[in-house]
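structure.cif follows (mmCIF, C-alpha atoms):
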```
data_run
loop_
_atom_site.label_atom_id
_atom_site.label_comp_id
_atom_site.auth_asym_id
_atom_site.auth_seq_id
_atom_site.Cartn_x
_atom_site.Cartn_y
_atom_site.Cartn_z
CA MET F 1261 110.73 223.44 -131.27
CA GLU F 1262 110.60 220.78 -128.55
CA ASP F 1263 112.62 218.34 -130.66
CA SER F 1264 115.19 221.08 -131.31
CA SER F 1265 115.42 221.90 -127.60
CA ALA F 1266 115.72 218.22 -126.72
CA SER F 1267 118.48 217.78 -129.30
CA LYS F 1268 120.36 220.77 -127.92
CA GLU F 1269 119.97 219.41 -124.42
CA ARG F 1270 121.27 216.00 -125.45
CA LEU F 1271 124.18 217.63 -127.25
CA LYS F 1272 124.93 219.70 -124.17
CA ILE F 1273 124.91 216.60 -121.97
CA SER F 1274 127.11 214.69 -124.42
CA LYS F 1275 129.65 217.51 -124.50
CA PHE F 1276 129.60 217.69 -120.72
CA LYS F 1277 130.28 213.97 -120.43
CA LEU F 1278 133.15 214.09 -122.91
CA ASN F 1279 134.66 217.11 -121.17
CA ALA F 1280 134.23 215.42 -117.79
CA LEU F 1281 135.99 212.29 -118.99
CA LEU F 1282 138.76 214.42 -120.53
CA ASP F 1283 139.15 216.41 -117.31
CA ILE F 1284 139.36 213.21 -115.23
CA THR F 1285 141.88 211.67 -117.66
CA LEU F 1286 144.07 214.80 -117.63
CA SER F 1287 143.88 214.89 -113.83
CA ILE F 1288 145.03 211.27 -113.65
CA ASN F 1289 147.88 211.94 -116.08
CA ALA F 1290 148.88 214.95 -113.97
CA ASN F 1291 149.28 212.60 -110.98
CA LEU F 1292 146.80 214.48 -108.83
CA PRO F 1293 146.39 212.98 -105.35
CA VAL F 1294 143.53 210.61 -104.62
CA SER F 1295 141.65 213.23 -102.58
CA GLU F 1296 141.51 215.62 -105.57
CA LEU F 1297 140.44 212.87 -107.98
CA LEU F 1298 137.60 211.91 -105.65
CA ALA F 1299 136.61 215.57 -105.26
CA LYS F 1300 136.35 215.95 -109.05
CA TYR F 1301 134.38 212.71 -109.30
CA GLU F 1302 131.96 213.84 -106.59
CA SER F 1303 131.51 217.26 -108.20
CA ILE F 1304 130.72 215.75 -111.61
CA LEU F 1305 128.06 213.43 -110.21
CA ARG F 1306 126.49 215.69 -107.58
CA ASN F 1307 126.78 219.17 -109.08
CA ASN F 1308 126.34 218.35 -112.75
CA LEU F 1309 124.16 215.26 -112.83
CA GLY F 1310 122.01 215.90 -109.78
CA ILE F 1311 123.16 212.75 -108.00
CA GLY F 1312 122.66 213.35 -104.30
CA LYS F 1313 124.35 210.43 -102.58
CA ILE F 1314 127.63 208.71 -103.36
CA MET F 1315 129.67 206.26 -101.36
CA ILE F 1316 132.66 204.13 -102.39
CA PHE F 1317 134.01 201.10 -100.58
CA LYS F 1318 137.47 200.08 -101.83
CA TYR F 1319 139.80 197.26 -100.86
CA GLU F 1320 143.21 198.45 -99.61
CA GLU F 1321 144.53 195.71 -97.31
CA LYS F 1322 140.97 195.72 -95.97
CA TRP F 1323 137.64 197.12 -97.14
CA GLU F 1324 137.38 200.83 -96.38
CA CYS F 1325 135.05 203.68 -97.30
CA ILE F 1326 137.11 206.17 -99.32
CA LEU F 1327 134.22 208.54 -100.20
CA ASN F 1328 130.96 209.31 -98.41
CA ALA F 1329 128.90 212.12 -99.87
CA GLY F 1330 125.30 212.32 -98.66
CA PHE F 1331 125.09 209.17 -96.52
CA THR F 1332 125.22 209.22 -92.75
CA GLU F 1333 128.27 207.96 -90.89
CA GLU F 1334 126.06 205.46 -89.06
CA TYR F 1335 124.84 204.01 -92.34
CA GLU F 1336 128.42 203.78 -93.64
CA LYS F 1337 129.46 201.79 -90.57
CA SER F 1338 126.46 199.48 -90.92
CA ILE F 1339 127.59 198.11 -94.28
CA ASP F 1340 129.22 194.68 -94.12
CA VAL F 1341 131.14 194.46 -97.39
CA GLU F 1342 131.97 190.79 -97.02
CA LYS F 1343 128.36 189.72 -96.52
CA GLN F 1344 126.36 192.37 -98.39
CA LEU F 1345 128.52 193.38 -101.34
CA LEU F 1346 130.85 190.55 -102.38
CA PRO F 1347 127.92 188.49 -103.75
CA ILE F 1348 127.15 191.38 -106.15
CA SER F 1349 128.94 190.81 -109.46
CA GLU F 1350 126.97 193.14 -111.76
CA THR F 1351 125.45 196.60 -111.48
CA ALA F 1352 122.36 196.16 -109.34
CA ILE F 1353 119.23 198.25 -108.77
CA VAL F 1354 118.57 198.08 -105.03
CA THR F 1355 115.93 200.79 -104.53
CA ASN F 1356 113.86 199.96 -101.44
CA THR F 1357 116.01 196.90 -100.70
CA PRO F 1358 116.40 196.22 -96.95
CA GLY F 1359 119.92 197.07 -95.82
CA PHE F 1360 120.44 199.51 -98.70
CA GLU F 1361 118.14 202.33 -97.64
CA GLY F 1362 118.70 205.49 -99.69
CA VAL F 1363 120.66 203.60 -102.34
CA ASP F 1364 119.37 203.20 -105.91
CA ILE F 1365 122.28 201.57 -107.71
CA ILE F 1366 125.32 199.59 -106.60
CA ILE F 1367 128.13 199.46 -109.15
CA PRO F 1368 130.85 196.86 -108.60
CA VAL F 1369 134.26 197.55 -110.14
CA PHE F 1370 136.38 194.50 -110.94
CA ASN F 1371 139.93 193.96 -112.15
CA ASN F 1372 140.78 190.49 -113.51
CA LEU F 1373 137.64 189.13 -111.84
CA VAL F 1374 138.76 190.50 -108.47
CA PRO F 1375 136.50 193.13 -106.84
CA LEU F 1376 138.27 196.46 -106.37
CA ALA F 1377 135.40 198.60 -105.18
CA TYR F 1378 131.65 199.04 -104.79
CA VAL F 1379 130.02 202.37 -105.64
CA PHE F 1380 126.72 203.37 -104.00
CA ILE F 1381 124.60 205.85 -105.93
CA GLY F 1382 121.41 207.47 -104.58
CA ASP F 1383 119.24 210.44 -105.68
CA ILE F 1384 118.81 213.56 -103.62
CA GLU F 1385 115.45 214.30 -105.23
CA GLU F 1386 113.89 210.87 -104.82
CA GLU F 1387 110.36 212.26 -105.30
CA GLY F 1388 111.25 214.37 -108.32
CA GLU F 1389 109.42 214.05 -111.63
CA GLY F 1390 110.85 212.35 -114.69
CA MET F 1391 113.47 209.67 -115.09
CA SER F 1392 115.93 209.35 -112.23
CA PRO F 1393 119.30 210.94 -113.09
CA VAL F 1394 120.90 207.70 -111.92
CA LEU F 1395 119.15 205.68 -114.59
CA LYS F 1396 119.46 208.40 -117.23
CA HIS F 1397 123.23 208.55 -116.94
CA LEU F 1398 123.95 205.03 -115.72
CA ASN F 1399 126.42 204.07 -118.48
CA PHE F 1400 128.37 207.28 -117.94
CA ILE F 1401 128.40 206.79 -114.16
CA GLN F 1402 129.68 203.23 -114.62
CA THR F 1403 132.42 204.40 -116.98
CA ILE F 1404 133.68 207.29 -114.91
CA SER F 1405 133.47 205.21 -111.72
CA SER F 1406 135.61 202.49 -113.28
CA ILE F 1407 138.16 205.04 -114.52
CA ILE F 1408 138.45 206.65 -111.10
CA ILE F 1409 138.67 203.38 -109.17
CA VAL F 1410 141.29 201.88 -111.49
CA ALA F 1411 143.30 205.11 -111.33
CA ILE F 1412 143.23 205.08 -107.52
CA GLU F 1413 144.27 201.42 -107.52
CA ASN F 1414 147.16 202.20 -109.87
CA ILE F 1415 148.27 205.00 -107.54
CA ARG F 1416 148.20 202.53 -104.65
CA LEU F 1417 150.17 199.95 -106.61
CA PHE F 1418 152.73 202.57 -107.65
CA LYS F 1419 153.22 203.69 -104.05
CA GLU F 1420 153.50 200.06 -103.00
CA SER F 1421 156.14 199.43 -105.67
CA LEU F 1422 158.12 202.43 -104.41
CA ARG F 1423 157.80 201.15 -100.86
CA GLN F 1424 158.93 197.69 -101.92
CA ALA F 1425 161.89 199.14 -103.82
CA ALA F 1426 162.93 201.17 -100.76
CA LEU F 1427 162.49 198.13 -98.55
CA LYS F 1428 164.59 196.05 -100.93
CA LYS F 1429 167.41 198.59 -100.73
CA GLU F 1430 167.15 198.62 -96.94
CA LEU F 1431 167.26 194.82 -96.87
CA GLU F 1432 170.29 194.78 -99.16
CA LEU F 1433 172.06 197.22 -96.84
CA ALA F 1434 170.99 195.19 -93.79
CA SER F 1435 172.28 192.05 -95.48
CA LYS F 1436 175.67 193.65 -96.13
CA MET F 1437 175.86 194.90 -92.55
CA GLN F 1438 174.89 191.49 -91.20
CA MET F 1439 177.53 189.79 -93.32
CA MET F 1440 180.07 192.06 -91.62
CA LEU F 1441 179.12 190.45 -88.29
CA ILE F 1442 180.01 186.98 -89.59
CA PRO F 1443 183.76 186.29 -89.46
CA GLN F 1444 185.27 186.17 -92.91
CA GLU F 1445 187.09 182.96 -93.86
CA GLY F 1446 190.47 184.66 -93.98
CA LYS F 1447 190.09 185.93 -90.40
CA LEU F 1448 189.36 182.55 -88.84
CA PRO F 1449 192.24 180.66 -87.13
CA SER F 1450 194.03 178.49 -89.69
CA LYS F 1451 197.24 177.51 -87.87
CA GLY F 1452 198.27 175.93 -84.62
CA LYS F 1453 196.06 173.83 -82.33
CA ILE F 1454 192.75 175.00 -83.80
CA LYS F 1455 191.81 175.53 -87.44
CA VAL F 1456 188.35 176.97 -88.02
CA CYS F 1457 186.15 177.27 -91.08
CA GLY F 1458 182.61 178.54 -91.54
CA PHE F 1459 179.68 178.71 -93.93
CA TYR F 1460 176.79 181.17 -93.81
CA PHE F 1461 173.75 181.31 -96.08
CA PRO F 1462 170.67 183.38 -95.12
CA HIS F 1463 167.54 182.05 -96.81
CA TYR F 1464 166.22 185.61 -97.12
CA GLU F 1465 168.21 188.84 -97.43
CA VAL F 1466 168.77 188.82 -93.70
CA GLY F 1467 168.60 185.96 -91.25
CA GLY F 1468 168.60 184.96 -87.62
CA ASP F 1469 171.67 182.70 -87.73
CA TYR F 1470 175.01 183.72 -86.35
CA TYR F 1471 178.37 182.17 -85.63
CA ASP F 1472 181.58 183.66 -84.32
CA CYS F 1473 185.14 182.80 -83.40
CA VAL F 1474 187.10 184.91 -80.93
CA SER F 1475 190.76 184.78 -79.94
CA LEU F 1476 190.46 185.08 -76.17
CA SER F 1477 194.18 184.86 -75.33
CA GLU F 1478 197.38 183.41 -76.76
CA ASN F 1479 196.29 179.92 -75.79
CA GLN F 1480 192.47 180.13 -75.77
CA THR F 1481 189.97 180.38 -78.61
CA GLY F 1482 186.24 180.76 -78.20
CA PHE F 1483 183.63 179.91 -80.80
CA CYS F 1484 179.86 179.76 -80.91
CA ILE F 1485 176.80 179.36 -83.09
CA ALA F 1486 173.28 180.69 -82.54
CA ASP F 1487 169.84 180.74 -84.12
CA VAL F 1488 167.02 183.19 -83.34
CA SER F 1489 163.47 181.87 -83.36
CA GLY F 1490 161.60 183.28 -86.33
CA LYS F 1491 162.96 184.99 -89.42
CA GLY F 1492 163.33 188.37 -91.06
CA ILE F 1493 164.32 191.82 -89.86
CA SER F 1494 163.30 191.40 -86.21
CA ALA F 1495 165.37 188.21 -85.90
CA ALA F 1496 168.34 189.89 -87.57
CA ILE F 1497 168.16 192.92 -85.28
CA LEU F 1498 168.02 190.73 -82.17
CA MET F 1499 170.94 188.68 -83.42
CA SER F 1500 173.00 191.80 -84.11
CA ASN F 1501 172.40 192.96 -80.55
CA PHE F 1502 173.23 189.50 -79.26
CA GLN F 1503 176.52 189.49 -81.18
CA ALA F 1504 177.54 192.82 -79.68
CA SER F 1505 176.70 191.60 -76.17
CA LEU F 1506 178.58 188.34 -76.65
CA ARG F 1507 181.68 190.11 -77.91
CA ALA F 1508 181.64 192.39 -74.87
CA LEU F 1509 181.16 189.56 -72.34
CA PHE F 1510 183.09 186.60 -73.79
CA THR F 1511 186.60 186.66 -72.31
CA SER F 1512 189.24 184.13 -71.32
CA GLN F 1513 188.29 184.50 -67.64
CA VAL F 1514 184.48 184.60 -67.76
CA ASP F 1515 182.69 181.56 -66.38
CA LEU F 1516 180.56 180.15 -69.20
CA THR F 1517 177.65 179.63 -66.81
CA GLU F 1518 177.67 183.31 -65.89
CA LEU F 1519 178.03 184.21 -69.56
CA ILE F 1520 174.83 182.31 -70.36
CA LYS F 1521 172.92 183.97 -67.51
CA LYS F 1522 174.03 187.46 -68.50
CA LEU F 1523 173.15 186.89 -72.15
CA ASN F 1524 169.78 185.53 -71.08
CA GLY F 1525 169.00 188.73 -69.17
CA ILE F 1526 169.91 190.85 -72.19
CA VAL F 1527 167.75 188.84 -74.59
CA VAL F 1528 164.79 188.80 -72.20
CA GLU F 1529 164.97 192.58 -71.94
CA ASN F 1530 165.37 193.19 -75.67
CA ALA F 1531 162.96 190.57 -77.01
CA ALA F 1532 160.25 191.04 -74.35
CA GLY F 1533 159.57 187.31 -74.38
CA GLU F 1534 158.62 187.25 -78.07
CA LYS F 1535 161.78 185.54 -79.31
CA PHE F 1536 164.50 183.29 -77.98
CA ILE F 1537 167.92 182.13 -79.15
CA THR F 1538 169.35 178.62 -79.26
CA PHE F 1539 173.05 178.90 -78.55
CA PHE F 1540 176.17 176.76 -78.38
CA VAL F 1541 179.33 178.29 -76.98
CA ALA F 1542 182.76 176.65 -76.47
CA ARG F 1543 186.21 177.62 -75.30
CA PHE F 1544 189.27 175.60 -76.32
CA ASN F 1545 192.52 175.70 -74.36
CA HIS F 1546 195.38 174.99 -76.77
CA ASP F 1547 197.79 173.97 -74.01
CA THR F 1548 195.62 171.62 -71.96
CA GLY F 1549 193.41 170.37 -74.81
CA ILE F 1550 190.33 171.08 -72.68
CA LEU F 1551 187.21 171.94 -74.64
CA GLU F 1552 184.60 173.42 -72.31
CA TYR F 1553 181.13 174.19 -73.61
CA ILE F 1554 177.48 174.92 -72.88
CA ASN F 1555 174.68 174.00 -75.24
CA ALA F 1556 171.62 176.18 -74.65
CA ALA F 1557 168.96 174.18 -76.52
CA HIS F 1558 170.91 174.28 -79.79
CA ASN F 1559 171.32 171.44 -82.27
CA PRO F 1560 173.96 169.07 -80.83
CA PRO F 1561 177.34 169.71 -82.49
CA VAL F 1562 179.16 166.60 -83.73
CA LEU F 1563 182.62 165.79 -82.33
CA TYR F 1564 184.72 163.15 -84.12
CA ASP F 1565 188.00 161.66 -82.92
CA THR F 1566 190.02 160.85 -86.05
CA VAL F 1567 192.13 158.24 -84.23
CA THR F 1568 189.59 156.26 -82.20
CA GLY F 1569 186.67 156.91 -84.56
CA GLU F 1570 184.46 157.94 -81.63
CA ILE F 1571 181.54 160.18 -82.51
CA ARG F 1572 179.90 162.32 -79.85
CA HIS F 1573 176.88 164.62 -79.98
CA LEU F 1574 177.22 167.55 -77.60
CA GLU F 1575 173.67 167.61 -76.28
CA ALA F 1576 171.84 170.52 -74.68
CA CYS F 1577 172.78 171.55 -71.13
CA CYS F 1578 170.02 174.12 -70.50
CA VAL F 1579 167.08 175.94 -72.07
CA GLY F 1580 167.50 178.47 -74.85
CA ILE F 1581 168.54 182.07 -74.26
CA GLY F 1582 165.45 184.18 -73.59
CA MET F 1583 163.05 181.26 -73.08
CA LEU F 1584 162.79 182.02 -69.35
CA ASP F 1585 163.17 185.26 -67.40
CA GLU F 1586 165.94 183.56 -65.44
CA ILE F 1587 167.92 180.41 -66.18
CA THR F 1588 168.48 178.71 -62.84
CA SER F 1589 170.06 175.48 -64.04
CA VAL F 1590 173.05 175.58 -66.39
CA THR F 1591 175.49 172.71 -66.87
CA ARG F 1592 178.99 173.47 -68.14
CA ARG F 1593 180.76 170.45 -69.62
CA GLU F 1594 184.38 169.66 -70.46
CA ILE F 1595 186.02 167.28 -72.92
CA LYS F 1596 189.70 166.45 -73.06
CA ILE F 1597 190.92 166.43 -76.66
CA ILE F 1598 193.50 163.67 -76.83
CA ASN F 1599 193.75 163.11 -80.58
CA HIS F 1600 193.15 165.19 -83.66
CA SER F 1601 189.40 165.76 -83.53
CA LYS F 1602 186.81 167.58 -85.61
CA ILE F 1603 183.83 169.52 -84.32
CA VAL F 1604 180.95 170.66 -86.52
CA CYS F 1605 178.35 173.13 -85.22
CA TYR F 1606 175.33 173.86 -87.40
CA THR F 1607 171.82 175.35 -87.41
CA ASP F 1608 168.58 173.52 -88.13
CA GLY F 1609 168.47 174.85 -91.69
CA LEU F 1610 170.95 172.04 -92.34
CA SER F 1611 169.68 169.27 -90.07
CA GLU F 1612 166.04 169.70 -91.13
CA LEU F 1613 166.71 169.20 -94.82
CA LYS F 1614 164.84 166.16 -96.11
CA ASP F 1615 166.32 162.94 -97.46
CA ASP F 1616 164.86 160.84 -100.27
CA LYS F 1617 162.26 159.43 -97.86
CA GLY F 1618 161.13 162.83 -96.66
CA LYS F 1619 162.82 162.55 -93.26
CA ASP F 1620 165.19 165.07 -91.66
CA ILE F 1621 168.81 164.31 -92.48
CA GLY F 1622 169.84 165.25 -88.94
CA THR F 1623 173.59 164.76 -88.57
CA SER F 1624 173.89 161.87 -91.00
CA MET F 1625 175.51 163.94 -93.74
CA ILE F 1626 177.92 165.53 -91.29
CA ILE F 1627 179.00 162.16 -89.97
CA LYS F 1628 179.30 160.73 -93.47
CA HIS F 1629 181.71 163.46 -94.53
CA ILE F 1630 183.86 164.03 -91.42
CA THR F 1631 184.73 160.41 -90.59
CA ASN F 1632 188.08 160.50 -92.35
CA ALA F 1633 191.55 161.98 -91.95
CA ARG F 1634 191.01 164.99 -94.24
CA THR F 1635 190.57 168.50 -92.84
CA VAL F 1636 187.13 169.50 -91.68
CA LYS F 1637 187.16 172.40 -94.15
CA GLU F 1638 187.46 169.92 -97.04
CA ASN F 1639 184.74 167.81 -95.44
CA ILE F 1640 182.29 170.72 -95.22
CA GLN F 1641 182.96 171.79 -98.79
CA GLU F 1642 182.27 168.27 -100.07
CA MET F 1643 179.11 167.96 -97.96
CA LEU F 1644 177.69 171.25 -99.20
CA LYS F 1645 178.45 170.23 -102.77
CA GLU F 1646 176.62 166.92 -102.35
CA LEU F 1647 173.64 168.68 -100.75
CA GLY F 1648 173.53 171.33 -103.48
CA ILE F 1649 173.77 174.18 -100.99
CA PRO F 1650 173.02 176.90 -101.65
CA GLU F 1651 172.14 176.96 -105.35
CA ASN F 1652 170.82 173.51 -106.18
CA ASN F 1653 168.72 172.30 -103.28
CA PRO F 1654 164.98 172.99 -103.77
CA GLY F 1655 164.30 171.78 -100.24
CA LEU F 1656 166.29 174.63 -98.68
CA PHE F 1657 163.77 176.59 -96.61
CA ASP F 1658 165.80 178.14 -93.81
CA ASP F 1659 169.11 179.83 -93.04
CA VAL F 1660 172.07 177.48 -93.04
CA SER F 1661 175.11 178.22 -90.89
CA ILE F 1662 178.07 176.04 -90.01
CA ILE F 1663 181.18 176.64 -87.95
CA ALA F 1664 183.62 173.75 -87.79
CA ALA F 1665 187.12 173.22 -86.46
CA ASP F 1666 190.04 170.83 -86.44
CA LEU F 1667 191.23 170.50 -82.84
CA PHE F 1668 194.72 169.20 -82.07
CA CYS F 1669 196.10 167.90 -78.79
CA SER F 1670 199.32 169.11 -77.20
#
```
Using the file provided, produce a representation of the structure as structure tokens.
Amino acid sequence: MEDSSASKERLKISKFKLNALLDITLSINANLPVSELLAKYESILRNNLGIGKIMIFKYEEKWECILNAGFTEEYEKSIDVEKQLLPISETAIVTNTPGFEGVDIIIPVFNNLVPLAYVFIGDIEEEGEGMSPVLKHLNFIQTISSIIIVAIENIRLFKESLRQAALKKELELASKMQMMLIPQEGKLPSKGKIKVCGFYFPHYEVGGDYYDCVSLSENQTGFCIADVSGKGISAAILMSNFQASLRALFTSQVDLTELIKKLNGIVVENAAGEKFITFFVARFNHDTGILEYINAAHNPPVLYDTVTGEIRHLEACCVGIGMLDEITSVTRREIKIINHSKIVCYTDGLSELKDDKGKDIGTSMIIKHITNARTVKENIQEMLKELGIPENNPGLFDDVSIIAADLFCS
């Protein structure tokens, strides 16, 4: 009779385990939320198997307790996963082990040799007679724990993939909007005393580079180039705001020194000291041939006189925009364009490319390609082709922007 009763009991337990696994599997397939999956898991272990204490630590950006049933909050907070649990690679019996009071078994759950979670199991009837329910049903507890943990991880990964997909769409939209801020080739001046061309390549979907060309009056053209410190969305947002401010302030009458100071105040307010902008701005008078400019800590543009062969680097005149709460010293400079000249403005994504010896190319490639009588647009196209930008240069690690112009005297 006892053997028959024992057999019936074993059969009952086996059926329960199969039904429990089926219920958990169906719940996972039904996309139940994590809270409901954990509730089912807790009910199976506590209500049906007599397990009194359960706690799960799972890694989700950091180690967190996702289930605490039967343990005190103080004990939960006392566990240092990095020190106490990461060394555990197999199911461990820790009864009466210091630091694991009230815990009988710790079950690690791994995925591709990477720990996903640690499950604490403890009995509620620690002084009860017979074999501990933990030990009696250990294989089942390990199996159902692994199923639950992997399911929760898959839910996390699925949500993350959705978040990444949404972010990708947002970045694509941001990239399109940012491209609208960059003057299109067909809208740049191509006749008269100034002929402008540009090139823009963000290393990521969006970037912190910006250049612009503005017709200020019938005989004045303004152009500029800028680079925000850092990369990504925050740099792109700051640059978009900067572009709007520049367009509102840059006129034929504005003093370039005052322009710099006003832009500095705007960037300081918007960036809160966390970012700054290197900036070169110039205004060319078609009638007088005067090129006035200010270089606010930007890479020195290269100016080449096609008749005399003189090469000049237009060095910085003041600190970058947003570096200081107030820029007290700004130097505006002027150059008289006497002969057909070329000016090339660029960001450090170009100048910091490495040569065969691992050194920055600086302006060497610019000088190599513009020291001739051809148009600067042809020069830039040939330079980019030689450098393999943007498709064939493995050393490209930053945004690359160029605005260049042929300047003609009266």
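Comparing F:Pro1358, F:Gly1580, F:Pro1462, F:Gly1569 by their smallest distance to Lys1602 of chain F, the closest is F:Gly1569 (using only C-alpha atoms).
Of the listed residues (F:Gln1480, F:Asn1501, F:Asn1632, F:Thr1511), F:Asn1501 comes nearest to Ile1526 of chain F; the distances count only C-alpha atoms.
Nearest residue to Cys1669 of chain F, choosing from F:Ser1611, F:Asn1599, F:Thr1332, F:Thr1588 and counting all atoms listed in the file: F:Asn1599.
Ranking F:Pro1368, F:Gly1330, F:Gly1458, F:Gly1482 by their shortest atom-to-atom distance to Ile1662 of chain F, with all atoms listed in the file included, puts F:Gly1458 first.
When all atoms listed in the file are used to compute distances to Glu1478 of chain F, the closest of the residues F:Asp1547, F:Glu1642, F:Glu1552, F:Asp1659 turns out to be F:Asp1547.
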*asked:* Please list, as a ChimeraX atom specification, the residues that have an atom at most 10 Å away from (186.2, 168.3, -93.5) in the coordinates of this file, counting only C-alpha atoms.
replied: /F:1457,1602-1604,1626,1629-1643,1664-1666
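The space between atom CA of Ile1407 of chain F and atom CA of Leu1281 of chain F spans 8.8 Å.
Shortest separation to Pro1443 of chain F among F:Asn1479, F:Gln1503, F:Asn1555, F:Asn1399 occurs at residue F:Gln1503, atoms counted being only C-alpha atoms.
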*Carefully work through the PyMOL selection byres ((chain F and resi 1369-1372) around 9) for this structure and note down the residues it includes, as a list of chain:residue names.*
F:Ser1349, F:Glu1350, F:Thr1351, F:Ile1367, F:Pro1368, F:Leu1373, F:Val1374, F:Pro1375, F:Leu1376, F:Ala1377, F:Tyr1378, F:Val1379, F:Gln1402, F:Ser1405, F:Ser1406, F:Ile1409, F:Val1410
*Using only C-alpha atoms, can you list as a count of residues only the residues within 10 Å of (142.0, 207.4, -112.8)?*
25
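The two atoms in question, atom CA of Leu1667 of chain F and atom CA of Lys1455 of chain F, are spaced 6.8 Å apart.
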*asked:* Taking 4 positions as the minimum chain separation for residues in the same chain, which residues sit within 9 Å of Asp1608 of chain F when counting only C-alpha atoms? Answer as a PyMOL selection string.
replied: chain F and resi 1487+1558-1559+1612-1613+1622+1658-1661
*asked:* Using all atoms listed in the file, which protein or nucleic acid residues come within 12 Å of Ser1589 of chain F? Drop anything in the same chain fewer than 3 positions from it, and give the result as a PyMOL selection string.
replied: chain F and resi 1517-1518+1520-1521+1554+1556+1576-1580+1584+1586+1592
*Name the residues in contact with Leu1519 of chain F at a cut-off of 12 Å, using all atoms listed in the file, excluding same-chain residues fewer than 5 positions from it; report them as a PyMOL selection string.*
chain F and resi 1505-1514+1524-1526+1539-1543+1553-1554+1556+1581+1587+1590+1592
With the input short on atoms, add all heavy atoms back to segment 1666-1670 of chain F and write it as a short mmCIF file (atom, residue, chain, number, x, y, z; two decimals), in the frame of the given file.
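Now in result33.cif:
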```
data_model
loop_
_atom_site.label_atom_id
_atom_site.label_comp_id
_atom_site.auth_asym_id
_atom_site.auth_seq_id
_atom_site.Cartn_x
_atom_site.Cartn_y
_atom_site.Cartn_z
N ASP F 1666 189.10 171.91 -86.74
CA ASP F 1666 190.04 170.83 -86.44
C ASP F 1666 190.71 171.18 -85.11
O ASP F 1666 191.27 172.28 -84.96
CB ASP F 1666 191.11 170.71 -87.53
CG ASP F 1666 190.55 170.11 -88.81
OD1 ASP F 1666 190.16 168.94 -88.78
OD2 ASP F 1666 190.52 170.83 -89.83
N LEU F 1667 190.63 170.28 -84.15
CA LEU F 1667 191.23 170.50 -82.84
C LEU F 1667 192.40 169.52 -82.68
O LEU F 1667 192.25 168.32 -82.95
CB LEU F 1667 190.20 170.27 -81.72
CG LEU F 1667 188.91 171.09 -81.81
CD1 LEU F 1667 187.96 170.67 -80.69
CD2 LEU F 1667 189.20 172.58 -81.74
N PHE F 1668 193.52 170.03 -82.22
CA PHE F 1668 194.72 169.20 -82.07
C PHE F 1668 195.16 169.19 -80.62
O PHE F 1668 195.07 170.19 -79.91
CB PHE F 1668 195.84 169.72 -82.97
CG PHE F 1668 195.50 169.70 -84.43
CD1 PHE F 1668 194.95 170.83 -85.03
CD2 PHE F 1668 195.72 168.58 -85.20
CE1 PHE F 1668 194.62 170.83 -86.38
CE2 PHE F 1668 195.40 168.57 -86.56
CZ PHE F 1668 194.85 169.70 -87.15
N CYS F 1669 195.63 168.03 -80.18
CA CYS F 1669 196.10 167.90 -78.79
C CYS F 1669 197.52 168.44 -78.68
O CYS F 1669 198.22 168.64 -79.67
CB CYS F 1669 196.05 166.43 -78.34
SG CYS F 1669 197.07 165.32 -79.35
N SER F 1670 197.97 168.59 -77.44
CA SER F 1670 199.32 169.11 -77.20
C SER F 1670 200.38 168.12 -77.59
O SER F 1670 200.18 166.89 -77.49
CB SER F 1670 199.47 169.44 -75.70
OG SER F 1670 198.52 170.42 -75.33
#
```
